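Q: I am sharing entry21.pdb, which consists of PDB, C-alpha atoms:
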```pdb
ATOM      1  CA  MET A   1     136.509 139.946-103.423
ATOM      2  CA  ASN A   2     133.490 138.763-105.440
ATOM      3  CA  LEU A   3     130.617 136.680-104.054
ATOM      4  CA  LEU A   4     131.945 133.377-105.438
ATOM      5  CA  GLU A   5     135.289 133.851-103.706
ATOM      6  CA  LYS A   6     133.452 134.656-100.450
ATOM      7  CA  GLU A   7     131.355 131.489-100.784
ATOM      8  CA  ILE A   8     134.470 129.406-101.397
ATOM      9  CA  ASN A   9     136.163 130.907 -98.341
ATOM     10  CA  VAL A  10     133.130 130.170 -96.148
ATOM     11  CA  LEU A  11     133.050 126.517 -97.280
ATOM     12  CA  LEU A  12     136.766 126.188 -96.551
ATOM     13  CA  GLU A  13     136.548 127.982 -93.175
ATOM     14  CA  LYS A  14     133.617 125.786 -92.102
ATOM     15  CA  GLY A  15     135.696 122.700 -92.871
ATOM     16  CA  PHE A  16     133.459 121.274 -95.586
ATOM     17  CA  TYR A  17     136.565 120.906 -97.758
ATOM     18  CA  LYS A  18     140.216 120.454 -96.827
ATOM     19  CA  SER A  19     141.445 122.551 -99.739
ATOM     20  CA  LYS A  20     140.316 124.753-102.584
ATOM     21  CA  GLU A  21     141.379 121.990-105.000
ATOM     22  CA  GLU A  22     139.076 119.482-103.264
ATOM     23  CA  LEU A  23     136.183 121.962-103.460
ATOM     24  CA  ILE A  24     136.819 122.610-107.154
ATOM     25  CA  ASP A  25     137.033 118.867-107.831
ATOM     26  CA  ASP A  26     133.677 118.297-106.123
ATOM     27  CA  ALA A  27     132.111 121.262-107.947
ATOM     28  CA  CYS A  28     133.325 119.959-111.322
ATOM     29  CA  ARG A  29     132.011 116.477-110.613
ATOM     30  CA  ALA A  30     128.607 117.916-109.681
ATOM     31  CA  LEU A  31     128.586 120.070-112.801
ATOM     32  CA  LEU A  32     129.424 117.142-115.075
ATOM     33  CA  ARG A  33     126.858 114.931-113.342
ATOM     34  CA  ASN A  34     124.152 117.518-114.053
ATOM     35  CA  ARG A  35     125.268 118.466-117.579
ATOM     36  CA  PRO A  36     125.573 115.312-119.738
ATOM     37  CA  GLN A  37     126.570 117.341-122.800
ATOM     38  CA  LEU A  38     129.612 118.669-120.950
ATOM     39  CA  ARG A  39     130.539 115.106-119.909
ATOM     40  CA  LEU A  40     130.384 114.086-123.560
ATOM     41  CA  GLU A  41     132.594 117.025-124.586
ATOM     42  CA  VAL A  42     135.189 116.111-121.966
ATOM     43  CA  ALA A  43     135.117 112.435-122.957
ATOM     44  CA  ILE A  44     135.531 113.194-126.659
ATOM     45  CA  SER A  45     138.415 115.586-126.034
ATOM     46  CA  LEU A  46     140.218 113.110-123.790
ATOM     47  CA  TYR A  47     139.713 110.347-126.356
ATOM     48  CA  VAL A  48     140.789 112.439-129.346
ATOM     49  CA  ASN A  49     143.917 113.539-127.447
ATOM     50  CA  GLU A  50     144.626 109.856-126.689
ATOM     51  CA  GLU A  51     144.508 110.455-122.942
ATOM     52  CA  VAL A  52     141.895 107.713-122.365
ATOM     53  CA  SER A  53     140.782 104.560-124.143
ATOM     54  CA  LEU A  54     137.527 104.212-126.038
ATOM     55  CA  SER A  55     135.905 102.304-123.180
ATOM     56  CA  LYS A  56     137.069 104.839-120.565
ATOM     57  CA  ALA A  57     135.811 107.726-122.717
ATOM     58  CA  ALA A  58     132.417 106.025-123.059
ATOM     59  CA  GLU A  59     132.334 105.562-119.286
ATOM     60  CA  ILE A  60     133.153 109.246-118.715
ATOM     61  CA  ALA A  61     130.420 110.228-121.177
ATOM     62  CA  GLY A  62     127.931 107.999-119.379
ATOM     63  CA  ALA A  63     127.269 106.027-122.557
ATOM     64  CA  CYS A  64     127.833 102.527-123.836
ATOM     65  CA  ILE A  65     130.687 102.087-126.294
ATOM     66  CA  GLU A  66     128.357 101.950-129.300
ATOM     67  CA  GLU A  67     126.613 105.183-128.278
ATOM     68  CA  PHE A  68     129.976 106.852-127.802
ATOM     69  CA  LYS A  69     131.126 105.652-131.236
ATOM     70  CA  GLU A  70     127.971 107.214-132.706
ATOM     71  CA  SER A  71     128.793 110.509-130.990
ATOM     72  CA  LEU A  72     132.251 110.403-132.556
ATOM     73  CA  LYS A  73     130.764 109.584-135.953
ATOM     74  CA  ASP A  74     128.252 112.443-135.659
ATOM     75  CA  ARG A  75     131.210 114.811-135.281
ATOM     76  CA  GLY A  76     133.118 113.341-138.199
ATOM     77  CA  LEU A  77     135.609 111.610-135.918
ATOM     78  CA  SER A  78     136.676 108.012-136.272
ATOM     79  CA  VAL A  79     137.498 105.318-133.777
ATOM     80  CA  LYS A  80     141.221 104.843-133.368
ATOM     81  CA  VAL A  81     142.310 101.227-133.534
ATOM     82  CA  PRO A  82     145.572 100.652-131.683
ATOM     83  CA  PRO A  83     148.181  98.589-133.505
ATOM     84  CA  ILE A  84     148.438  94.936-132.446
ATOM     85  CA  ALA A  85     151.734  93.105-132.506
ATOM     86  CA  LYS A  86     151.814  90.129-134.904
ATOM     87  CA  GLU A  87     152.708  87.776-132.049
ATOM     88  CA  GLU A  88     149.713  88.896-130.009
ATOM     89  CA  LEU A  89     147.421  88.568-133.015
ATOM     90  CA  ASP A  90     148.711  85.040-133.696
ATOM     91  CA  GLU A  91     148.218  84.122-130.050
ATOM     92  CA  GLN A  92     144.638  85.425-130.013
ATOM     93  CA  THR A  93     143.850  83.655-133.289
ATOM     94  CA  ASN A  94     145.194  80.355-131.945
ATOM     95  CA  LEU A  95     143.141  80.770-128.778
ATOM     96  CA  ILE A  96     139.956  81.388-130.790
ATOM     97  CA  LEU A  97     140.637  78.360-132.977
ATOM     98  CA  LYS A  98     141.308  76.198-129.924
ATOM     99  CA  VAL A  99     138.112  77.300-128.163
ATOM    100  CA  SER A 100     135.955  76.905-131.271
ATOM    101  CA  LYS A 101     136.869  73.227-131.738
TER     102      LYS A 101
END
```
Kindly return the structure encoded in the file as structure tokens.
A:
Amino acid sequence: MNLLEKEINVLLEKGFYKSKEELIDDACRALLRNRPQLRLEVAISLYVNEEVSLSKAAEIAGACIEEFKESLKDRGLSVKVPPIAKEELDEQTNLILKVSK
């Protein structure tokens, strides 16, 4: 058993964590909090794989949407625009016209 496994076992035995999964989750969160570049990598991967929205990816990266878009652009990636149904587009257009009067 290596030192890391021993440390994990001690933390579990002492009751600091209910499970190994909880400990790993906390360790990953701490790692990502302290390594912004890793947060950005995770956010970009999740966004590119369409697992999160643009705004959620920016939040994960710890950036505003415009900063996150720049990070995508710097890597040669583009922002994905989801398709909008014609009915929804018409509804939004009518709402804008109504409000602007």
Q: What does the distance from atom CA of Leu95 of chain A to atom CA of Cys64 of chain A come to in Å, to one decimal?
A: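 Rounded to one decimal, the two atoms are 27.1 Å apart.
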Q: Written as a PDB file with C-alpha atoms, keeping the file's coordinate frame, what is the full residue list that the PyMOL selection byres ((chain A and resi 80-88) around 10) yields on the file shown?
A:
```
ATOM      1  CA  TYR A  47     139.713 110.347-126.356  1.00  0.00           C
ATOM      2  CA  VAL A  48     140.789 112.439-129.346  1.00  0.00           C
ATOM      3  CA  GLU A  50     144.626 109.856-126.689  1.00  0.00           C
ATOM      4  CA  SER A  53     140.782 104.560-124.143  1.00  0.00           C
ATOM      5  CA  LEU A  54     137.527 104.212-126.038  1.00  0.00           C
ATOM      6  CA  LEU A  77     135.609 111.610-135.918  1.00  0.00           C
ATOM      7  CA  SER A  78     136.676 108.012-136.272  1.00  0.00           C
ATOM      8  CA  VAL A  79     137.498 105.318-133.777  1.00  0.00           C
ATOM      9  CA  LEU A  89     147.421  88.568-133.015  1.00  0.00           C
ATOM     10  CA  ASP A  90     148.711  85.040-133.696  1.00  0.00           C
ATOM     11  CA  GLU A  91     148.218  84.122-130.050  1.00  0.00           C
ATOM     12  CA  GLN A  92     144.638  85.425-130.013  1.00  0.00           C
ATOM     13  CA  THR A  93     143.850  83.655-133.289  1.00  0.00           C
ATOM     14  CA  ASN A  94     145.194  80.355-131.945  1.00  0.00           C
TER      15      ASN A  94
END
```
Q: Run the PyMOL selection byres ((chain A and resi 29-39) around 12) mentally over the shown coordinates, then write out the matched residues as a list in words, using the chain letters and numbers from the document.
A: Glu22, Leu23, Ile24, Asp25, Asp26, Ala27, Cys28, Leu40, Glu41, Val42, Ala43, Ile44, Ser45, Leu46, Ala57, Ala58, Glu59, Ile60, Ala61, Gly62, Ala63, Phe68 and Ser71 of chain A
Q: How big is the axis-aligned box around the listed atoms of segment 28-45 of chain A once 5 Å is added on each side, and where is its centre? Give both in Å to one decimal, as JSON.
A:
```
{"center_x": 131.3, "center_y": 116.3, "center_z": -118.2, "size_x": 24.3, "size_y": 17.6, "size_z": 27.0}
```
Q: Just the number, please: distance in Å from atom CA of Met1 of chain A to atom CA of Lys20 of chain A, one decimal.
A: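 These two atoms are separated by 15.7 Å.
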Q: Could you tell me how far atom CA of Asn49 of chain A sits from atom CA of Glu67 of chain A, in Å to one decimal place?
A: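 Those two atoms sit 19.2 Å apart.
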Q: Restricting the calculation to all atoms listed in the file, which member of A:Glu66, A:Lys56, A:Lys98, A:Glu21 is positioned closest to Ile8 of chain A?
A: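 Using all atoms listed in the file, the shortest distance to Ile8 of chain A belongs to A:Glu21.
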